[in-house]
Amino acid sequence: MRPVRLMKVFVTRRIPPEGWAALARAADCEVEHWDSDEPIPAKELERGVVGAHGLLCLLSDRVDKRLLDAAGGNLKVISTMSVGVDHLALEEIKKRGIRVGYTPDVLTDATAELAMSLLLTTCRRLPEAIEEVKNGGWTSWKPLWMCGYGLTRSTVGIIGLGRIGQAIAQRLKPFGVQRFLYTGRQPKPQEAAEFQAEFVSTPKLAAESDFIIVACSLTPATKGLCNKDFFQQMKNTAVFVNISRGDVVNQDDLYQALTSGQIAAAGLDVTTPEPLPTDHPLLTLKNCVILPHVGSATYGTRNTMSLLAANNLLAGLRGEPMPSELKL
């Protein structure tokens with residue numbers, strides 16, 4: 001009896017237990033992985049993918065032509081444990097007939113919750129307030145000390161009314177937001193109806209919003225979208241939040257807008273690069289709150305993402321429909 005030839009799977013990082021268990025149960029696969037929580041060095045990744053039939057990667061792993069060449073002709077499936085795919089050379093992947101799985105929907109709620117947390121933390125100046133408690137700056141009650149900006153009767157602009165943008169709007173509505181604006185590639189009247197959101201141009205959204213939340217995908221059209229011109233159109237009392245991708249924002253222009261008083265404050269869960277160097281000018285500002293890209297960081301969400309990524313990979317290797325396949 002001829003032995004069954006196993007399909008090689010390479011995993012670029014330790015992944016949460018539910019996803020790992022699904023891969024371990026796959027009798028038709030031989031699984032290798034980079035046994036660390038830290039990113040795999042490029043040379044190790046190139047060595048690891050040689051001859052692989054399937055690759056399970058994270059958003060910090062750049063899958064480009066060089067890596068695909070290193071993998072060779074066996075590679076049939078790439079499964080990324082992310083909703084974003086800007087780290088994948090999609091045109092090159094498409095040329096080679098490789099299928100791609102990703103993890104949309106399952107991180108929507110966690111990311112929307114984080115967006116709300118970051119917005120409230122930034123607009124109510126919570127890091128500053130905590131620091132004042134610790135350093136003795138809290139003395140007596142003062143009428144205007146530590147005042148920030150409230151959501152009640154405000155106008156909120158959302159750049160990108162996709163799954164996450166809608167989930168953010170749903171959570172904002174009970175705070176008494178008076179008006180929602182949104183911008184994107186095209187109007188979404190059905191999705192916008194729940195919030196009576198108005199589709200407007202990007203300059204109009206910038207000029208009329210009290211709070212702006214960036215929740216769009218990174219595309220050639222959105223790269224650098226939030227730049228000097230954008231910030232100059234904003235109110236000087238406006239708060240800017242980005243939970244999409246760092247490259248949507250020109251960070252030098254954001255720094256100038258924050259230091260000059262052009263805008264009131266900013267909260268970022270994504271930056272360029274990631275991690276942001278500890279000596280970056282934005283980290284010196286009290287009116288800029290920066291988080292280390294933790295939008296989906298709940299135990300439940302990360303486990304669900306890993307399981308979906310594993311199931312996408314296994315289905316693709318077996319020639320079956322993936323639970324979540326990116327159509328190329």
# chains A, B, ... in the order shown; residues from 1 in each chain; ligands from 1
$ residues_around --residues "segment 237-247 of chain A" --least-positions-apart "6" --cutoff "8 Å" --atoms "only C-alpha atoms" --output "VMD selection string"
chain A and resid 111 115 118 to 119 122 to 123 209 to 218 223 to 224 263 to 273 293 295
$ select_by_dssp --residues "segment 124-226 of chain A" --states "strand (DSSP E or B)" --output "ChimeraX atom specification"
/A:155-159,179-183,198-199,211-214,226
$ write_last_selection --atoms "N, CA, C and O atoms" --output "PDB file, in the first residue's frame"
ATOM      1  N   THR A 155     -21.638  66.012  15.381  1.00  0.00           N
ATOM      2  CA  THR A 155     -21.610  65.449  14.024  1.00  0.00           C
ATOM      3  C   THR A 155     -20.405  64.532  13.925  1.00  0.00           C
ATOM      4  O   THR A 155     -19.277  64.947  14.214  1.00  0.00           O
ATOM      5  N   VAL A 156     -20.643  63.293  13.526  1.00  0.00           N
ATOM      6  CA  VAL A 156     -19.570  62.307  13.385  1.00  0.00           C
ATOM      7  C   VAL A 156     -19.415  61.945  11.913  1.00  0.00           C
ATOM      8  O   VAL A 156     -20.397  61.605  11.238  1.00  0.00           O
ATOM      9  N   GLY A 157     -18.188  62.041  11.417  1.00  0.00           N
ATOM     10  CA  GLY A 157     -17.886  61.645  10.048  1.00  0.00           C
ATOM     11  C   GLY A 157     -17.142  60.320  10.032  1.00  0.00           C
ATOM     12  O   GLY A 157     -16.162  60.153  10.772  1.00  0.00           O
ATOM     13  N   ILE A 158     -17.618  59.385   9.231  1.00  0.00           N
ATOM     14  CA  ILE A 158     -16.986  58.068   9.126  1.00  0.00           C
ATOM     15  C   ILE A 158     -16.465  57.886   7.701  1.00  0.00           C
ATOM     16  O   ILE A 158     -17.232  57.953   6.742  1.00  0.00           O
ATOM     17  N   ILE A 159     -15.180  57.681   7.591  1.00  0.00           N
ATOM     18  CA  ILE A 159     -14.572  57.421   6.287  1.00  0.00           C
ATOM     19  C   ILE A 159     -14.568  55.911   6.078  1.00  0.00           C
ATOM     20  O   ILE A 159     -13.774  55.196   6.691  1.00  0.00           O
ATOM     21  N   ARG A 179     -25.835  63.862  14.036  1.00  0.00           N
ATOM     22  CA  ARG A 179     -25.720  63.756  12.581  1.00  0.00           C
ATOM     23  C   ARG A 179     -24.535  62.872  12.215  1.00  0.00           C
ATOM     24  O   ARG A 179     -23.445  63.002  12.776  1.00  0.00           O
ATOM     25  N   PHE A 180     -24.768  61.968  11.291  1.00  0.00           N
ATOM     26  CA  PHE A 180     -23.701  61.123  10.760  1.00  0.00           C
ATOM     27  C   PHE A 180     -23.425  61.494   9.305  1.00  0.00           C
ATOM     28  O   PHE A 180     -24.357  61.620   8.502  1.00  0.00           O
ATOM     29  N   LEU A 181     -22.155  61.653   8.979  1.00  0.00           N
ATOM     30  CA  LEU A 181     -21.711  61.836   7.599  1.00  0.00           C
ATOM     31  C   LEU A 181     -20.811  60.657   7.242  1.00  0.00           C
ATOM     32  O   LEU A 181     -20.169  60.076   8.107  1.00  0.00           O
ATOM     33  N   TYR A 182     -20.770  60.311   5.974  1.00  0.00           N
ATOM     34  CA  TYR A 182     -19.830  59.273   5.564  1.00  0.00           C
ATOM     35  C   TYR A 182     -19.357  59.530   4.146  1.00  0.00           C
ATOM     36  O   TYR A 182     -20.011  60.217   3.367  1.00  0.00           O
ATOM     37  N   THR A 183     -18.208  58.975   3.848  1.00  0.00           N
ATOM     38  CA  THR A 183     -17.660  59.064   2.505  1.00  0.00           C
ATOM     39  C   THR A 183     -17.065  57.716   2.134  1.00  0.00           C
ATOM     40  O   THR A 183     -16.768  56.896   2.998  1.00  0.00           O
ATOM     41  N   GLU A 198     -25.497  60.797   5.898  1.00  0.00           N
ATOM     42  CA  GLU A 198     -25.437  61.507   4.618  1.00  0.00           C
ATOM     43  C   GLU A 198     -24.124  61.183   3.907  1.00  0.00           C
ATOM     44  O   GLU A 198     -23.049  61.275   4.512  1.00  0.00           O
ATOM     45  N   PHE A 199     -24.223  60.823   2.633  1.00  0.00           N
ATOM     46  CA  PHE A 199     -23.028  60.604   1.819  1.00  0.00           C
ATOM     47  C   PHE A 199     -22.540  61.960   1.322  1.00  0.00           C
ATOM     48  O   PHE A 199     -23.280  62.692   0.654  1.00  0.00           O
ATOM     49  N   PHE A 211     -16.145  64.848  15.092  1.00  0.00           N
ATOM     50  CA  PHE A 211     -15.316  63.663  15.285  1.00  0.00           C
ATOM     51  C   PHE A 211     -15.206  62.947  13.945  1.00  0.00           C
ATOM     52  O   PHE A 211     -16.217  62.777  13.262  1.00  0.00           O
ATOM     53  N   ILE A 212     -14.016  62.530  13.595  1.00  0.00           N
ATOM     54  CA  ILE A 212     -13.804  61.796  12.343  1.00  0.00           C
ATOM     55  C   ILE A 212     -13.170  60.456  12.672  1.00  0.00           C
ATOM     56  O   ILE A 212     -12.166  60.395  13.405  1.00  0.00           O
ATOM     57  N   ILE A 213     -13.761  59.390  12.143  1.00  0.00           N
ATOM     58  CA  ILE A 213     -13.238  58.047  12.359  1.00  0.00           C
ATOM     59  C   ILE A 213     -12.924  57.428  11.003  1.00  0.00           C
ATOM     60  O   ILE A 213     -13.793  57.336  10.132  1.00  0.00           O
ATOM     61  N   VAL A 214     -11.680  57.018  10.820  1.00  0.00           N
ATOM     62  CA  VAL A 214     -11.249  56.403   9.569  1.00  0.00           C
ATOM     63  C   VAL A 214     -11.377  54.887   9.709  1.00  0.00           C
ATOM     64  O   VAL A 214     -10.729  54.278  10.563  1.00  0.00           O
ATOM     65  N   CYS A 226      -5.687  61.334   4.318  1.00  0.00           N
ATOM     66  CA  CYS A 226      -5.749  62.308   5.413  1.00  0.00           C
ATOM     67  C   CYS A 226      -4.397  63.009   5.498  1.00  0.00           C
ATOM     68  O   CYS A 226      -3.474  62.555   6.186  1.00  0.00           O
TER      69      CYS A 226
END
$ residues_around --residues "segment 90-98 of chain A" --least-positions-apart "5" --cutoff "10 Å" --atoms "only C-alpha atoms" --output "VMD selection string"
chain A and resid 53 to 54 63 to 65 68 73 to 78 85 316 326 to 328
$ closest_residue --among "A:Asp252, A:Asp37, A:Glu132, A:Glu44" --to "Lys286 of chain A" --atoms "only C-alpha atoms"
A:Glu132
$ closest_residue --among "A:Trp145, A:Tyr255, A:Phe10, A:Trp20" --to "Leu45 of chain A" --atoms "only C-alpha atoms"
A:Phe10
$ closest_atom_pairs --of "segment 16-63 of chain A" --to "segment 299-308 of chain A" --cutoff "6 Å" --atoms "only C-alpha atoms" --output "tab-separated table"
residue	atom	partner	partner_atom	distance
A:Pro16	CA	A:Asn303	CA	5.3
A:Glu18	CA	A:Leu307	CA	5.5
A:Gly19	CA	A:Leu307	CA	3.8
$ write_last_selection --atoms "all heavy atoms" --output "PDB file, in the first residue's frame"
ATOM      1  N   PRO A  16      -3.516  31.310  18.041  1.00  0.00           N
ATOM      2  CA  PRO A  16      -4.351  30.897  19.168  1.00  0.00           C
ATOM      3  C   PRO A  16      -4.790  29.437  19.080  1.00  0.00           C
ATOM      4  O   PRO A  16      -4.827  28.848  17.987  1.00  0.00           O
ATOM      5  CB  PRO A  16      -5.536  31.865  19.094  1.00  0.00           C
ATOM      6  CG  PRO A  16      -4.963  33.094  18.472  1.00  0.00           C
ATOM      7  CD  PRO A  16      -3.986  32.581  17.448  1.00  0.00           C
ATOM      8  N   GLU A  18      -7.485  27.466  19.167  1.00  0.00           N
ATOM      9  CA  GLU A  18      -8.543  26.852  18.352  1.00  0.00           C
ATOM     10  C   GLU A  18      -8.073  26.625  16.916  1.00  0.00           C
ATOM     11  O   GLU A  18      -8.351  25.580  16.316  1.00  0.00           O
ATOM     12  CB  GLU A  18      -9.811  27.707  18.386  1.00  0.00           C
ATOM     13  CG  GLU A  18     -10.507  27.679  19.743  1.00  0.00           C
ATOM     14  CD  GLU A  18     -11.853  28.383  19.728  1.00  0.00           C
ATOM     15  OE1 GLU A  18     -12.426  28.577  18.628  1.00  0.00           O
ATOM     16  OE2 GLU A  18     -12.327  28.749  20.815  1.00  0.00           O
ATOM     17  N   GLY A  19      -7.361  27.586  16.355  1.00  0.00           N
ATOM     18  CA  GLY A  19      -6.837  27.430  15.004  1.00  0.00           C
ATOM     19  C   GLY A  19      -5.759  26.363  14.941  1.00  0.00           C
ATOM     20  O   GLY A  19      -5.729  25.538  14.020  1.00  0.00           O
TER      21      GLY A  19
END
$ residues_around --residues "Lys8 of chain A" --least-positions-apart "3" --cutoff "6 Å" --atoms "only C-alpha atoms" --output "number ranges by chain"
A: 29-30, 52-53
$ residues_around --residues "Trp34 of chain A" --least-positions-apart "6" --cutoff "7 Å" --atoms "only C-alpha atoms" --output "list in words"
Val11, Thr12, Arg13, Arg14 and Ile40 of chain A
$ atom_distance --atom1 "atom CA of Leu6 of chain A" --atom2 "atom CA of Glu38 of chain A"
27.7 Å
$ residues_around --residues "Asp28 of chain A" --least-positions-apart "2" --cutoff "12 Å" --atoms "only C-alpha atoms" --output "count of residues only"
19
$ residues_around --residues "Ala221 of chain A" --least-positions-apart "6" --cutoff "10 Å" --atoms "only C-alpha atoms" --output "VMD selection string"
chain A and resid 184 to 185 248
$ select_by_dssp --residues "segment 108-274 of chain A" --states "helix (DSSP H, G or I)" --output "PyMOL selection string"
chain A and resi 108-123+126-135+163-175+189-195+202-208+228-233+246-248+251-260
